[in-house]
$ cat structure.tsv   # TSV, C-alpha atoms
chain	number	residue	atom	x	y	z
B	1327	MET	CA	2.98	-23.80	8.54
B	1328	SER	CA	2.96	-26.66	6.04
B	1329	ASP	CA	6.24	-25.28	4.65
B	1330	ILE	CA	7.87	-25.76	8.02
B	1331	ILE	CA	6.51	-29.28	8.39
B	1332	VAL	CA	7.73	-30.34	4.94
B	1333	ALA	CA	11.15	-28.75	5.47
B	1334	GLY	CA	11.45	-30.33	8.94
B	1335	ALA	CA	10.45	-33.78	7.67
B	1336	LEU	CA	12.91	-33.58	4.76
B	1337	PHE	CA	15.56	-32.50	7.15
B	1338	VAL	CA	15.09	-35.37	9.61
B	1339	VAL	CA	14.78	-37.96	6.81
B	1340	ALA	CA	17.94	-36.57	5.17
B	1341	TYR	CA	19.86	-36.86	8.43
B	1342	PHE	CA	19.23	-40.61	8.56
B	1343	THR	CA	19.34	-41.50	4.84
B	1344	GLY	CA	22.37	-39.27	4.24
B	1345	GLY	CA	24.20	-40.80	7.19
B	1346	HIS	CA	23.39	-44.33	6.05
B	1347	ILE	CA	24.51	-43.71	2.46
B	1348	GLU	CA	27.73	-42.11	3.64
B	1349	LYS	CA	28.53	-45.07	5.89
B	1350	LYS	CA	27.93	-47.49	3.02
B	1351	HIS	CA	30.09	-45.44	0.68
B	1352	TYR	CA	32.97	-45.34	3.17
B	1353	LYS	CA	32.78	-49.10	3.57
B	1354	SER	CA	32.93	-49.57	-0.19
B	1355	ILE	CA	35.84	-47.11	-0.49
B	1356	ASN	CA	37.83	-48.87	2.24
B	1357	ASP	CA	37.20	-52.32	0.73
B	1358	ARG	CA	38.18	-51.27	-2.79
B	1359	GLU	CA	41.27	-49.36	-1.62
B	1360	ALA	CA	42.46	-52.48	0.18
B	1361	LYS	CA	41.94	-54.67	-2.90
B	1362	LEU	CA	43.72	-52.41	-5.41
B	1363	PRO	CA	47.26	-53.36	-6.39
B	1364	HIS	CA	49.81	-51.02	-4.83
B	1365	ILE	CA	50.49	-48.60	-7.63
B	1366	PRO	CA	52.69	-45.73	-6.43
B	1367	VAL	CA	51.55	-42.23	-7.30
B	1368	ILE	CA	54.52	-39.98	-8.15
B	1369	GLU	CA	55.51	-36.67	-9.63
B	1370	PHE	CA	57.18	-37.36	-12.96
B	1371	ASP	CA	59.92	-35.39	-14.67
B	1372	ARG	CA	60.72	-36.90	-18.06
B	1373	ASN	CA	64.33	-35.54	-18.07
B	1374	ASN	CA	65.39	-36.98	-14.74
B	1375	PHE	CA	63.52	-40.23	-14.74
B	1376	PRO	CA	65.87	-43.16	-13.95
B	1377	TYR	CA	63.81	-45.84	-15.73
B	1378	GLU	CA	63.14	-46.54	-19.34
B	1379	VAL	CA	59.51	-45.93	-20.22
B	1380	GLU	CA	57.76	-48.16	-22.70
B	1381	ASN	CA	54.30	-46.67	-22.76
B	1382	MET	CA	52.29	-43.80	-21.25
B	1383	LYS	CA	48.60	-43.16	-21.16
B	1384	MET	CA	46.48	-40.36	-19.86
B	1385	ILE	CA	43.76	-41.46	-17.48
B	1386	SER	CA	40.92	-39.43	-15.98
B	1387	ALA	CA	37.96	-40.05	-13.74
B	1388	ASN	CA	35.18	-38.07	-12.21
B	1389	VAL	CA	32.54	-38.52	-9.57
B	1390	VAL	CA	29.68	-36.35	-8.33
B	1391	ILE	CA	28.76	-36.48	-4.66
B	1392	GLY	CA	25.63	-34.85	-3.32
B	1393	ALA	CA	25.54	-33.55	0.23
B	1394	ASP	CA	22.14	-34.30	1.73
B	1395	TYR	CA	19.65	-31.63	2.74
B	1396	PHE	CA	20.69	-31.85	6.39
B	1397	LYS	CA	24.35	-31.21	5.57
B	1398	THR	CA	23.48	-28.35	3.23
B	1399	VAL	CA	21.31	-26.57	5.81
B	1400	LEU	CA	23.84	-27.08	8.58
B	1401	ALA	CA	26.63	-25.82	6.31
B	1402	GLY	CA	24.52	-22.74	5.57
B	1403	LEU	CA	24.06	-22.12	9.29
B	1404	VAL	CA	27.77	-22.48	10.05
B	1405	ASN	CA	28.49	-20.20	7.11
B	1406	LEU	CA	26.59	-17.38	8.84
B	1407	PHE	CA	29.05	-17.35	11.71
B	1408	GLY	CA	32.20	-18.64	10.09
B	1409	GLY	CA	34.40	-21.50	11.22
B	1410	ASN	CA	35.14	-25.00	10.00
B	1411	ILE	CA	32.32	-26.53	8.04
B	1412	SER	CA	33.29	-29.99	9.18
B	1413	VAL	CA	30.00	-31.46	8.05
B	1414	LEU	CA	31.09	-31.08	4.42
B	1415	GLU	CA	34.57	-32.54	4.90
B	1416	SER	CA	33.30	-36.06	4.47
B	1417	VAL	CA	31.61	-35.09	1.18
B	1418	LEU	CA	34.89	-33.86	-0.27
B	1419	ASP	CA	36.91	-36.71	1.24
B	1420	ARG	CA	34.60	-39.31	-0.26
B	1421	GLY	CA	34.80	-37.61	-3.64
B	1422	ARG	CA	38.60	-37.46	-3.70
B	1423	ARG	CA	39.12	-41.05	-2.59
B	1424	GLU	CA	36.46	-42.43	-4.91
B	1425	VAL	CA	37.93	-40.63	-7.89
B	1426	VAL	CA	41.44	-41.95	-7.20
B	1427	ILE	CA	40.07	-45.50	-6.96
B	1428	ARG	CA	38.34	-45.05	-10.33
B	1429	LEU	CA	41.58	-43.70	-11.78
B	1430	LYS	CA	43.65	-46.64	-10.58
B	1431	GLU	CA	41.08	-49.14	-11.80
B	1432	GLN	CA	41.82	-47.91	-15.33
B	1433	ALA	CA	45.53	-48.66	-15.01
B	1434	LEU	CA	45.76	-51.86	-13.01
B	1435	ASN	CA	48.97	-53.00	-14.75
B	1436	ALA	CA	50.75	-49.67	-14.70
B	1437	ASP	CA	54.02	-49.32	-12.80
B	1438	PHE	CA	53.41	-45.76	-11.71
B	1439	ILE	CA	50.69	-43.22	-11.77
B	1440	ALA	CA	52.33	-39.89	-12.43
B	1441	ASN	CA	51.34	-36.26	-11.95
B	1442	LEU	CA	47.94	-36.79	-10.39
B	1443	ARG	CA	45.79	-33.62	-10.38
B	1444	HIS	CA	42.46	-32.98	-8.70
B	1445	GLU	CA	39.79	-30.50	-9.75
B	1446	THR	CA	36.78	-29.86	-7.56
B	1447	SER	CA	33.78	-27.83	-8.59
B	1448	GLU	CA	30.38	-27.10	-7.14
B	1449	ILE	CA	27.63	-27.91	-9.59
B	1450	SER	CA	24.62	-26.91	-7.48
B	1451	GLY	CA	22.18	-24.43	-8.92
B	1452	ASP	CA	22.80	-20.89	-7.78
B	1453	ASN	CA	19.46	-20.31	-6.07
B	1454	GLY	CA	20.91	-21.43	-2.75
B	1455	ARG	CA	18.00	-23.71	-1.93
B	1456	GLU	CA	19.25	-26.90	-3.53
B	1457	ALA	CA	21.33	-29.45	-1.71
B	1458	LEU	CA	25.03	-29.05	-2.40
B	1459	LYS	CA	26.52	-31.15	-5.22
B	1460	VAL	CA	30.24	-31.45	-5.77
B	1461	GLU	CA	32.06	-32.83	-8.77
B	1462	ASN	CA	35.54	-34.29	-8.29
B	1463	TYR	CA	37.59	-34.73	-11.42
B	1464	ALA	CA	41.07	-36.19	-11.41
B	1465	TYR	CA	43.57	-36.86	-14.20
B	1466	ALA	CA	47.02	-38.40	-14.30
B	1467	THR	CA	49.46	-40.29	-16.50
B	1468	ALA	CA	49.79	-44.05	-16.23
B	1469	ILE	CA	53.39	-45.16	-16.87
B	1470	TYR	CA	54.43	-48.58	-18.10
B	1471	LEU	CA	58.17	-49.36	-17.81
B	1472	LYS	CA	60.26	-51.35	-20.24
B	1473	LYS	CA	60.71	-54.82	-18.73
T	1367	MET	CA	64.99	-49.10	-5.55
T	1368	GLN	CA	62.29	-51.34	-4.26
T	1369	TYR	CA	58.83	-49.84	-3.72
T	1370	LYS	CA	57.26	-50.72	-0.41
T	1371	HIS	CA	53.63	-49.89	0.11
T	1372	THR	CA	52.55	-48.23	3.35
T	1373	ARG	CA	48.94	-47.40	4.11
T	1374	PHE	CA	48.41	-44.13	5.90
T	1375	ASP	CA	45.57	-43.43	8.23
T	1376	ASP	CA	43.72	-40.70	6.38
T	1377	SER	CA	40.79	-40.48	8.73
T	1378	VAL	CA	42.22	-37.15	9.97
T	1379	ASN	CA	40.78	-35.56	6.85
T	1380	VAL	CA	37.29	-35.77	8.27
T	1381	THR	CA	36.68	-34.14	11.64
T	1382	SER	CA	34.70	-36.40	13.87
T	1383	SER	CA	31.88	-34.37	15.29
T	1384	ASN	CA	28.26	-34.76	16.21
T	1385	PRO	CA	26.43	-32.90	13.45
T	1386	PHE	CA	23.10	-33.06	15.21
T	1387	ALA	CA	24.43	-31.36	18.34
T	1388	ASP	CA	26.11	-28.78	16.10
T	1389	PHE	CA	22.84	-28.15	14.37
T	1390	ILE	CA	20.94	-27.62	17.62
T	1391	SER	CA	23.47	-25.14	18.94
T	1392	TYR	CA	23.58	-23.19	15.67
T	1393	ILE	CA	19.82	-23.03	15.26
T	1394	LEU	CA	19.41	-21.80	18.84
T	1395	THR	CA	21.96	-19.07	18.17
T	1396	VAL	CA	20.13	-18.03	15.01
T	1397	LEU	CA	16.79	-17.95	16.80
T	1398	LEU	CA	18.26	-15.77	19.56
T	1399	LEU	CA	19.71	-13.49	16.91
T	1400	ILE	CA	16.37	-13.19	15.12
T	1401	ALA	CA	14.55	-12.43	18.35
T	1402	GLY	CA	17.17	-9.79	19.15
T	1403	VAL	CA	16.89	-8.18	15.74
T	1404	TYR	CA	13.12	-8.26	15.92
T	1405	TYR	CA	12.90	-6.52	19.27
T	1406	PHE	CA	15.58	-4.07	18.27
T	1407	SER	CA	13.70	-3.14	15.10
T	1408	ALA	CA	10.45	-2.81	17.05
T	1409	TYR	CA	12.28	-0.39	19.33
T	1410	LEU	CA	13.68	1.53	16.36
T	1411	VAL	CA	10.22	1.84	14.84
T	1412	GLU	CA	8.64	3.00	18.11
T	1413	PHE	CA	11.45	5.51	18.41
T	1414	SER	CA	11.04	6.91	14.91
T	1415	ILE	CA	7.24	6.99	14.56
T	1416	PRO	CA	6.78	10.33	16.42
T	1417	TYR	CA	9.21	11.93	13.95
T	1418	ILE	CA	7.28	10.82	10.88
T	1419	ASP	CA	4.32	13.10	10.24
T	1420	GLN	CA	1.66	12.53	7.61
T	1421	LYS	CA	3.44	14.67	5.02
T	1422	MET	CA	6.63	12.68	5.30
T	1423	GLU	CA	4.73	9.43	5.35
T	1424	LYS	CA	3.04	10.42	2.14
T	1425	ARG	CA	6.31	11.32	0.52
T	1426	ILE	CA	7.82	7.97	1.43
T	1427	TRP	CA	4.99	5.69	0.41
T	1428	SER	CA	2.64	7.38	-2.03
T	1429	VAL	CA	4.76	6.78	-5.14
T	1430	MET	CA	4.87	3.09	-4.47
T	1431	PHE	CA	1.20	2.51	-3.73
T	1432	ASP	CA	-0.16	4.99	-6.25
T	1433	ASN	CA	1.64	3.19	-9.04
T	1434	TYR	CA	0.63	-0.22	-7.80
T	1435	TYR	CA	-3.08	0.47	-7.48
T	1436	SER	CA	-3.47	2.70	-10.50
T	1437	ALA	CA	-1.99	-0.14	-12.56
T	1438	LYS	CA	-4.34	-2.60	-10.94
T	1439	ASN	CA	-7.39	-0.40	-11.45
T	1440	LYS	CA	-6.77	0.59	-15.05
T	1441	ALA	CA	-9.87	-0.97	-16.55
T	1442	ARG	CA	-12.58	-0.29	-14.03
T	1443	SER	CA	-16.28	-0.18	-14.54
T	1444	GLU	CA	-18.58	2.80	-14.16
T	1445	GLN	CA	-20.19	1.01	-11.24
T	1446	ASN	CA	-16.85	0.54	-9.52
T	1447	ILE	CA	-16.04	4.25	-9.74
T	1448	LYS	CA	-19.49	5.12	-8.36
T	1449	ALA	CA	-19.06	2.72	-5.47
T	1450	GLU	CA	-15.64	4.17	-4.64
T	1451	LYS	CA	-17.14	7.68	-4.61
T	1452	TYR	CA	-19.86	6.47	-2.25
T	1453	LEU	CA	-17.29	4.95	0.12
T	1454	GLN	CA	-15.26	8.17	0.01
T	1455	GLU	CA	-18.37	10.13	1.00
T	1456	LEU	CA	-18.94	7.80	3.94
T	1457	LEU	CA	-15.33	8.19	4.97
T	1458	ASP	CA	-15.55	11.97	4.79
T	1459	LYS	CA	-18.57	11.87	7.13
T	1460	ILE	CA	-16.49	10.39	9.92
T	1461	PRO	CA	-15.13	13.14	12.17
T	1462	LYS	CA	-11.35	13.01	12.25
T	1463	ASP	CA	-8.73	14.15	14.67
T	1464	LYS	CA	-7.33	17.46	13.33
T	1465	SER	CA	-3.77	16.69	14.37
T	1466	GLU	CA	-3.76	13.57	12.24
T	1467	GLY	CA	-4.82	15.45	9.12
T	1468	SER	CA	-7.82	14.38	7.08
T	1469	ASP	CA	-6.35	13.44	3.76
T	1470	TYR	CA	-7.63	9.88	3.58
T	1471	LYS	CA	-8.51	8.18	0.34
T	1472	VAL	CA	-10.54	5.05	-0.33
T	1473	ILE	CA	-9.40	2.81	-3.14
T	1474	LEU	CA	-11.82	0.11	-4.24
T	1475	VAL	CA	-10.01	-2.91	-5.60
T	1476	ASP	CA	-11.68	-5.64	-7.62
T	1477	ASP	CA	-11.05	-8.66	-5.45
T	1478	LYS	CA	-13.35	-11.36	-4.14
T	1479	ASN	CA	-11.79	-11.29	-0.66
T	1480	VAL	CA	-13.95	-9.81	2.08
T	1481	ASN	CA	-11.35	-7.49	3.53
T	1482	ALA	CA	-10.06	-3.95	3.85
T	1483	MET	CA	-6.71	-2.56	4.92
T	1484	ALA	CA	-4.88	0.60	5.88
T	1485	LEU	CA	-1.77	1.43	3.89
T	1486	PRO	CA	0.79	4.14	4.65
T	1487	SER	CA	0.08	7.58	3.16
T	1488	GLY	CA	-3.59	7.47	4.19
T	1489	LYS	CA	-4.86	4.95	1.66
T	1490	ILE	CA	-7.70	2.68	2.67
T	1491	ILE	CA	-7.99	-0.31	0.39
T	1492	VAL	CA	-11.47	-1.86	0.24
T	1493	TYR	CA	-11.98	-5.08	-1.67
T	1494	SER	CA	-15.13	-5.28	-3.75
T	1495	GLY	CA	-15.95	-8.57	-2.00
T	1496	LEU	CA	-16.42	-6.66	1.24
T	1497	LEU	CA	-18.65	-4.06	-0.39
T	1498	GLU	CA	-20.80	-6.83	-1.79
T	1499	LYS	CA	-21.24	-8.73	1.46
T	1500	ILE	CA	-21.94	-5.88	3.86
T	1501	LYS	CA	-25.52	-4.79	3.42
T	1502	SER	CA	-25.81	-1.73	5.68
T	1503	GLU	CA	-24.20	1.67	5.47
T	1504	ASN	CA	-23.50	1.46	9.18
T	1505	GLY	CA	-21.46	-1.70	8.70
T	1506	LEU	CA	-19.36	0.01	6.01
T	1507	VAL	CA	-18.77	3.04	8.23
T	1508	PHE	CA	-17.60	0.70	10.98
T	1509	VAL	CA	-15.06	-0.93	8.67
T	1510	LEU	CA	-13.80	2.45	7.44
T	1511	GLY	CA	-13.64	3.69	11.03
T	1512	HIS	CA	-11.70	0.60	11.99
T	1513	GLU	CA	-9.08	1.39	9.34
T	1514	LEU	CA	-8.99	5.02	10.50
T	1515	GLY	CA	-8.27	3.59	13.94
T	1516	HIS	CA	-5.18	1.89	12.51
T	1517	PHE	CA	-4.07	5.25	11.11
T	1518	ALA	CA	-4.74	7.03	14.41
T	1519	HIS	CA	-2.65	4.49	16.30
T	1520	ARG	CA	-0.14	4.45	13.42
T	1521	ASP	CA	-0.33	0.68	13.31
T	1522	HIS	CA	0.27	0.66	9.57
T	1523	LEU	CA	3.69	2.26	10.11
T	1524	ARG	CA	4.51	-0.09	12.97
T	1525	GLY	CA	3.67	-3.24	11.06
T	1526	MET	CA	5.37	-2.15	7.89
T	1527	GLY	CA	8.36	-0.46	9.50
T	1528	ARG	CA	9.16	-3.48	11.62
T	1529	GLY	CA	8.86	-5.74	8.61
T	1530	VAL	CA	11.15	-3.52	6.56
T	1531	ILE	CA	13.85	-3.12	9.21
T	1532	ALA	CA	13.82	-6.75	10.28
T	1533	GLY	CA	13.90	-7.73	6.61
T	1534	LEU	CA	16.92	-5.53	5.96
T	1535	LEU	CA	18.83	-6.77	8.99
T	1536	LEU	CA	18.02	-10.39	8.31
T	1537	SER	CA	18.52	-10.33	4.56
T	1538	PRO	CA	21.70	-12.44	4.83
T	1539	LEU	CA	19.44	-15.13	6.26
T	1540	ALA	CA	16.91	-14.83	3.48
T	1541	ASP	CA	17.99	-18.09	1.91
T	1542	PHE	CA	17.17	-19.95	5.06
T	1543	SER	CA	13.50	-20.67	4.49
T	1544	GLY	CA	11.27	-20.27	7.51
T	1545	VAL	CA	12.69	-16.99	8.75
T	1546	GLY	CA	9.65	-15.09	7.46
T	1547	ILE	CA	7.30	-17.43	9.23
T	1548	ILE	CA	9.24	-17.09	12.47
T	1549	ILE	CA	9.08	-13.29	12.27
T	1550	GLY	CA	5.38	-13.43	11.44
T	1551	SER	CA	4.60	-15.38	14.56
T	1552	PHE	CA	6.32	-12.77	16.73
T	1553	ASP	CA	3.97	-10.18	15.28
T	1554	MET	CA	0.78	-11.99	16.13
T	1555	TYR	CA	-0.04	-10.91	19.62
T	1556	PHE	CA	0.79	-7.31	18.93
T	1557	SER	CA	-1.53	-7.35	15.98
T	1558	ARG	CA	-4.41	-8.78	17.98
T	1559	GLU	CA	-4.17	-5.93	20.46
T	1560	GLN	CA	-4.06	-3.43	17.62
T	1561	GLU	CA	-7.09	-4.93	15.96
T	1562	LEU	CA	-9.16	-4.72	19.14
T	1563	GLN	CA	-8.12	-1.10	19.63
T	1564	ALA	CA	-8.99	-0.27	16.03
T	1565	ASP	CA	-12.39	-1.92	16.55
T	1566	GLU	CA	-13.01	0.46	19.43
T	1567	TYR	CA	-12.08	3.40	17.21
T	1568	GLY	CA	-14.41	2.19	14.49
T	1569	LEU	CA	-17.22	1.83	16.99
T	1570	GLN	CA	-16.71	5.41	18.21
T	1571	ALA	CA	-16.63	6.62	14.60
T	1572	MET	CA	-19.97	5.04	13.65
T	1573	ASN	CA	-21.52	6.19	16.90
T	1574	SER	CA	-20.58	9.77	16.15
T	1575	VAL	CA	-21.91	9.54	12.57
T	1576	TYR	CA	-25.24	7.86	13.30
T	1577	GLY	CA	-25.72	8.46	17.03
T	1578	HIS	CA	-26.00	4.73	17.71
T	1579	ALA	CA	-23.94	1.57	17.31
T	1580	GLY	CA	-26.36	-0.62	15.32
T	1581	GLY	CA	-24.65	-2.73	12.64
T	1582	ALA	CA	-21.22	-2.66	14.23
T	1583	VAL	CA	-20.85	-6.42	14.26
T	1584	GLU	CA	-22.24	-7.05	10.76
T	1585	PHE	CA	-18.83	-7.68	9.25
T	1586	PHE	CA	-17.75	-10.09	11.94
T	1587	GLU	CA	-21.05	-11.92	11.87
T	1588	TYR	CA	-20.56	-12.45	8.17
T	1589	VAL	CA	-17.03	-13.73	8.72
T	1590	GLN	CA	-18.16	-15.97	11.55
T	1591	GLU	CA	-20.84	-17.57	9.41
T	1592	ASN	CA	-18.64	-18.09	6.39
T	1593	ASP	CA	-15.30	-18.89	7.89
T	1594	ARG	CA	-14.78	-22.00	9.86
T	1595	GLU	CA	-12.18	-21.01	12.38
T	1596	THR	CA	-10.09	-23.87	13.60
T	1597	PHE	CA	-7.54	-24.00	16.34
T	1598	ILE	CA	-4.80	-23.44	13.79
T	1599	THR	CA	-6.35	-20.41	12.08
T	1600	LYS	CA	-6.98	-18.85	15.48
T	1601	TYR	CA	-3.28	-18.80	16.26
T	1602	SER	CA	-1.84	-18.40	12.82
T	1603	SER	CA	-3.99	-15.50	11.71
T	1604	SER	CA	-3.04	-11.98	12.71
T	1605	HIS	CA	-6.68	-11.02	13.26
T	1606	PRO	CA	-8.41	-12.12	16.48
T	1607	VAL	CA	-11.27	-14.47	15.72
T	1608	SER	CA	-14.62	-12.91	14.99
T	1609	LYS	CA	-16.27	-14.31	18.10
T	1610	GLU	CA	-13.72	-12.61	20.32
T	1611	ARG	CA	-14.18	-9.35	18.44
T	1612	ILE	CA	-17.97	-9.47	18.53
T	1613	GLU	CA	-17.83	-10.02	22.29
T	1614	ASN	CA	-15.38	-7.16	22.62
T	1615	ILE	CA	-17.63	-4.80	20.65
T	1616	LYS	CA	-20.76	-5.84	22.57
T	1617	SER	CA	-19.08	-5.21	25.90
T	1618	LEU	CA	-17.84	-1.82	24.68
T	1619	ILE	CA	-21.36	-0.88	23.55
T	1620	SER	CA	-22.80	-1.65	26.98
T	1621	ALA	CA	-19.87	-0.04	28.81
T	1622	LYS	CA	-20.32	3.22	26.89
T	1623	ASN	CA	-24.12	3.16	27.04
T	1624	MET	CA	-24.47	3.27	23.26
T	1625	LYS	CA	-27.83	2.54	21.65
T	1626	GLU	CA	-28.31	-0.04	18.94
T	1627	LEU	CA	-30.96	1.18	16.50
T	1628	ALA	CA	-31.97	0.02	13.02
T	1629	THR	CA	-29.35	0.30	10.29
T	1630	ILE	CA	-29.54	2.15	6.99
T	1631	THR	CA	-29.26	0.05	3.82
T	1632	LYS	CA	-26.31	1.03	1.65
T	1633	LYS	CA	-27.19	3.22	-1.30
T	1634	LEU	CA	-25.79	1.40	-4.26
$ encode --input "structure.tsv" --output "C-alpha cells"
Amino acid sequence: MSDIIVAGALFVVAYFTGGHIEKKHYKSINDREAKLPHIPVIEFDRNNFPYEVENMKMISANVVIGADYFKTVLAGLVNLFGGNISVLESVLDRGRREVVIRLKEQALNADFIANLRHETSEISGDNGREALKVENYAYATAIYLKK
Amino acid sequence: MQYKHTRFDDSVNVTSSNPFADFISYILTVLLLIAGVYYFSAYLVEFSIPYIDQKMEKRIWSVMFDNYYSAKNKARSEQNIKAEKYLQELLDKIPKDKSEGSDYKVILVDDKNVNAMALPSGKIIVYSGLLEKIKSENGLVFVLGHELGHFAHRDHLRGMGRGVIAGLLLSPLADFSGVGIIIGSFDMYFSREQELQADEYGLQAMNSVYGHAGGAVEFFEYVQENDRETFITKYSSSHPVSKERIENIKSLISAKNMKELATITKKL
C-alpha cells in the first residue's frame, strides 16, 4: 500500500516539476538561439570548397537530459502497446538544440560550422526502474576563412 | 555568395499532446487488460484443477518444496523433531476423505510467526510460533483440520495456479511496479470465502476426533488479543478478521448442535 502511495506521489510531483523545468529550458534555448550570431552549418568537402581556409578546429559538446518519472512511466505504458512515444520527443529535442547551442558558443567567430554530427545514447541503468536519461553528444569542425 | 539567415519553425519536432490525458487512457487500458488476464487465468485454473490428481500435484511441486524446507530445517533441535512427530500424529488422527488420499505431511519450521499454511503436494507448514502459542491439543487439531480443508477444496492449487498463470501472462508488465499489488487485491474476497470454508472443515475435523468442538476458537482468540486489526489490515489482509471468524465458528457450532467440552492440554 505504501509503495503505491510513494509511487503515486512521485508521479504527480514529477508531472509538475518536470513540466516546469522543461518550460524553463525551452525558454532558455529560444533566447540563446536568438542571440547567437548566424553561423551557417554546412557539409564540407575539402576538394570542392570555393573559399580559402585559414584555420580549422574540431569542436564538440555534450549534454545529458533526464526525463522525469512521469515521462518515463508514461513512455513505458505506451511501449506496451506500440505507437509514437511523443512524451519523449521533447527530451530529445531539448538535448539536440542545447548541444548545438553549446557547440556554436565555442566558435563564435567562425565563418562556418562544417560536418555536424549527433550521437545520442541512453545512459539509464538497465534495471528499468530508473527515470530515463539521455546523453546528446555533437561534434563538428569550425572553419575560419582567409580574409 | 551572400549568406542570408532564415529561422525555421522547428516546433514540429515535438508533438503537442496532453500527456496527462494520454496517461489516463493508457492506464485504464492496462487495468482492463490485467482484469481480463486475471479472470481468464482463474477460469483456466478452475478448468484444469479436476485433471490434476494428488499424484500429479506431488510430481509438480514436491521437488521444489522438499528442497526449500529441507535446506531451511538442516540444523534442527531434538525438541523440534519431537514436536513435528507429535503434530504428525495429531494430523493422522483426523479422518480423511479416501478420494483425496491421505499422504499429508507436517513440516515444523522455526519461525516466530503464529501461522500455518497448506502447500501443494500435501505439505502442511506449521511455524513454531503457532505451536508455542496454542496451549490445547484441540486448538492444534483445529488448525491442522483447517489446512486439510484447504487441501479438500484445493484452494492451495487455486491460489498458486492463478498466481503462476497471471504472473506468466503479465511478465512483460513486471517492470511496472504495482501490478502485483493490483493482482493481490483481486484475490482478497475469494480468499476470505475459502478461509471461512476451511474453518468449517477444521471444525468438523476436531469434532470427529474429540466428539466436541471445545477449543476451536483458541487460535483466533489469540490473534484477536495480540493483533490490533485496523480498517486497513481488514481489507488488505487475505484472511478475514478473527472476530468475523470466531462468530462464524460459534454460529456453526450452534447450527450443528456440537458440544463444547473441556480441552486437552498439548503433550509437549
$ closest_residue --input "structure.tsv" --among "T:Ile1460, T:Val1509, T:Val1396, T:Ile1615" --to "T:Met1483" --atoms "all atoms listed in the file"
T:Val1509
$ residues_around --input "structure.tsv" --residues "stretch 1352-1363 of chain B" --least-positions-apart "2" --cutoff "7 Å" --atoms "all atoms listed in the file" --output "list in words"
Glu1348, Lys1349, Lys1350, Ile1365, Glu1424, Ile1427 and Leu1434 of chain B
$ write_last_selection --input "structure.tsv" --atoms "C-alpha atoms" --output "PDB file, in the frame of the given file"
ATOM      1  CA  GLU B1348      27.730 -42.110   3.640  1.00  0.00           C
ATOM      2  CA  LYS B1349      28.530 -45.070   5.890  1.00  0.00           C
ATOM      3  CA  LYS B1350      27.930 -47.490   3.020  1.00  0.00           C
ATOM      4  CA  ILE B1365      50.490 -48.600  -7.630  1.00  0.00           C
ATOM      5  CA  GLU B1424      36.460 -42.430  -4.910  1.00  0.00           C
ATOM      6  CA  ILE B1427      40.070 -45.500  -6.960  1.00  0.00           C
ATOM      7  CA  LEU B1434      45.760 -51.860 -13.010  1.00  0.00           C
TER       8      LEU B1434
END
$ interface_residues --input "structure.tsv" --of "chain T" --to "chain B" --cutoff "6 Å" --atoms "only C-alpha atoms" --output "number ranges by chain"
T: 1380-1381, 1389
$ residues_around --input "structure.tsv" --residues "stretch 1378-1384 of chain B" --least-positions-apart "5" --cutoff "8 Å" --atoms "all atoms listed in the file" --output "CSV table (one decimal) with C-alpha atoms, in the frame of the given file"
chain,number,residue,atom,x,y,z
B,1465,TYR,CA,43.6,-36.9,-14.2
B,1466,ALA,CA,47.0,-38.4,-14.3
B,1467,THR,CA,49.5,-40.3,-16.5
B,1468,ALA,CA,49.8,-44.0,-16.2
B,1469,ILE,CA,53.4,-45.2,-16.9
B,1470,TYR,CA,54.4,-48.6,-18.1
B,1471,LEU,CA,58.2,-49.4,-17.8
B,1472,LYS,CA,60.3,-51.4,-20.2
$ residues_around --input "structure.tsv" --residues "stretch 1579-1586 of chain T" --least-positions-apart "6" --cutoff "12 Å" --atoms "only C-alpha atoms" --output "PyMOL selection string"
chain T and resi 1480-1482+1495-1512+1565-1573+1592-1593+1605-1620+1622-1632
$ closest_residue --input "structure.tsv" --among "T:Glu1412, T:Glu1455, T:Glu1444, T:Glu1450" --to "T:Tyr1493" --atoms "all atoms listed in the file"
T:Glu1450
$ atom_distance --input "structure.tsv" --atom1 "atom CA of B:Ala1387" --atom2 "atom CA of B:Glu1461"
10.6 Å
$ atom_distance --input "structure.tsv" --atom1 "atom CA of T:Ser1494" --atom2 "atom CA of T:Asp1469"
22.0 Å
$ atom_distance --input "structure.tsv" --atom1 "atom CA of T:Ile1393" --atom2 "atom CA of B:Leu1458"
19.4 Å
$ axis_aligned_box --input "structure.tsv" --around "stretch 1382-1395 of chain B" --padding-each-side "5 Å" --output "JSON"
{"center_x": 36.0, "center_y": -37.7, "center_z": -9.3, "size_x": 42.6, "size_y": 22.2, "size_z": 34.0}
$ build_atoms --input "structure.tsv" --residues "stretch 1421-1426 of chain B" --atoms "N, CA, C and O atoms" --output "PDB file, in the coordinates of the input"
ATOM      1  N   GLY B1421      34.618 -37.897  -2.222  1.00  0.00           N
ATOM      2  CA  GLY B1421      34.800 -37.610  -3.640  1.00  0.00           C
ATOM      3  C   GLY B1421      36.232 -37.850  -4.073  1.00  0.00           C
ATOM      4  O   GLY B1421      36.492 -38.512  -5.085  1.00  0.00           O
ATOM      5  N   ARG B1422      37.196 -37.339  -3.306  1.00  0.00           N
ATOM      6  CA  ARG B1422      38.600 -37.460  -3.700  1.00  0.00           C
ATOM      7  C   ARG B1422      39.046 -38.914  -3.705  1.00  0.00           C
ATOM      8  O   ARG B1422      39.748 -39.352  -4.617  1.00  0.00           O
ATOM      9  N   ARG B1423      38.651 -39.660  -2.671  1.00  0.00           N
ATOM     10  CA  ARG B1423      39.120 -41.050  -2.590  1.00  0.00           C
ATOM     11  C   ARG B1423      38.453 -41.899  -3.659  1.00  0.00           C
ATOM     12  O   ARG B1423      39.097 -42.733  -4.297  1.00  0.00           O
ATOM     13  N   GLU B1424      37.181 -41.672  -3.881  1.00  0.00           N
ATOM     14  CA  GLU B1424      36.460 -42.430  -4.910  1.00  0.00           C
ATOM     15  C   GLU B1424      37.079 -42.201  -6.285  1.00  0.00           C
ATOM     16  O   GLU B1424      37.263 -43.129  -7.071  1.00  0.00           O
ATOM     17  N   VAL B1425      37.429 -40.956  -6.552  1.00  0.00           N
ATOM     18  CA  VAL B1425      37.930 -40.630  -7.890  1.00  0.00           C
ATOM     19  C   VAL B1425      39.317 -41.245  -8.114  1.00  0.00           C
ATOM     20  O   VAL B1425      39.641 -41.688  -9.217  1.00  0.00           O
ATOM     21  N   VAL B1426      40.114 -41.323  -7.054  1.00  0.00           N
ATOM     22  CA  VAL B1426      41.440 -41.950  -7.200  1.00  0.00           C
ATOM     23  C   VAL B1426      41.285 -43.455  -7.418  1.00  0.00           C
ATOM     24  O   VAL B1426      42.011 -44.058  -8.232  1.00  0.00           O
TER      25      VAL B1426
END
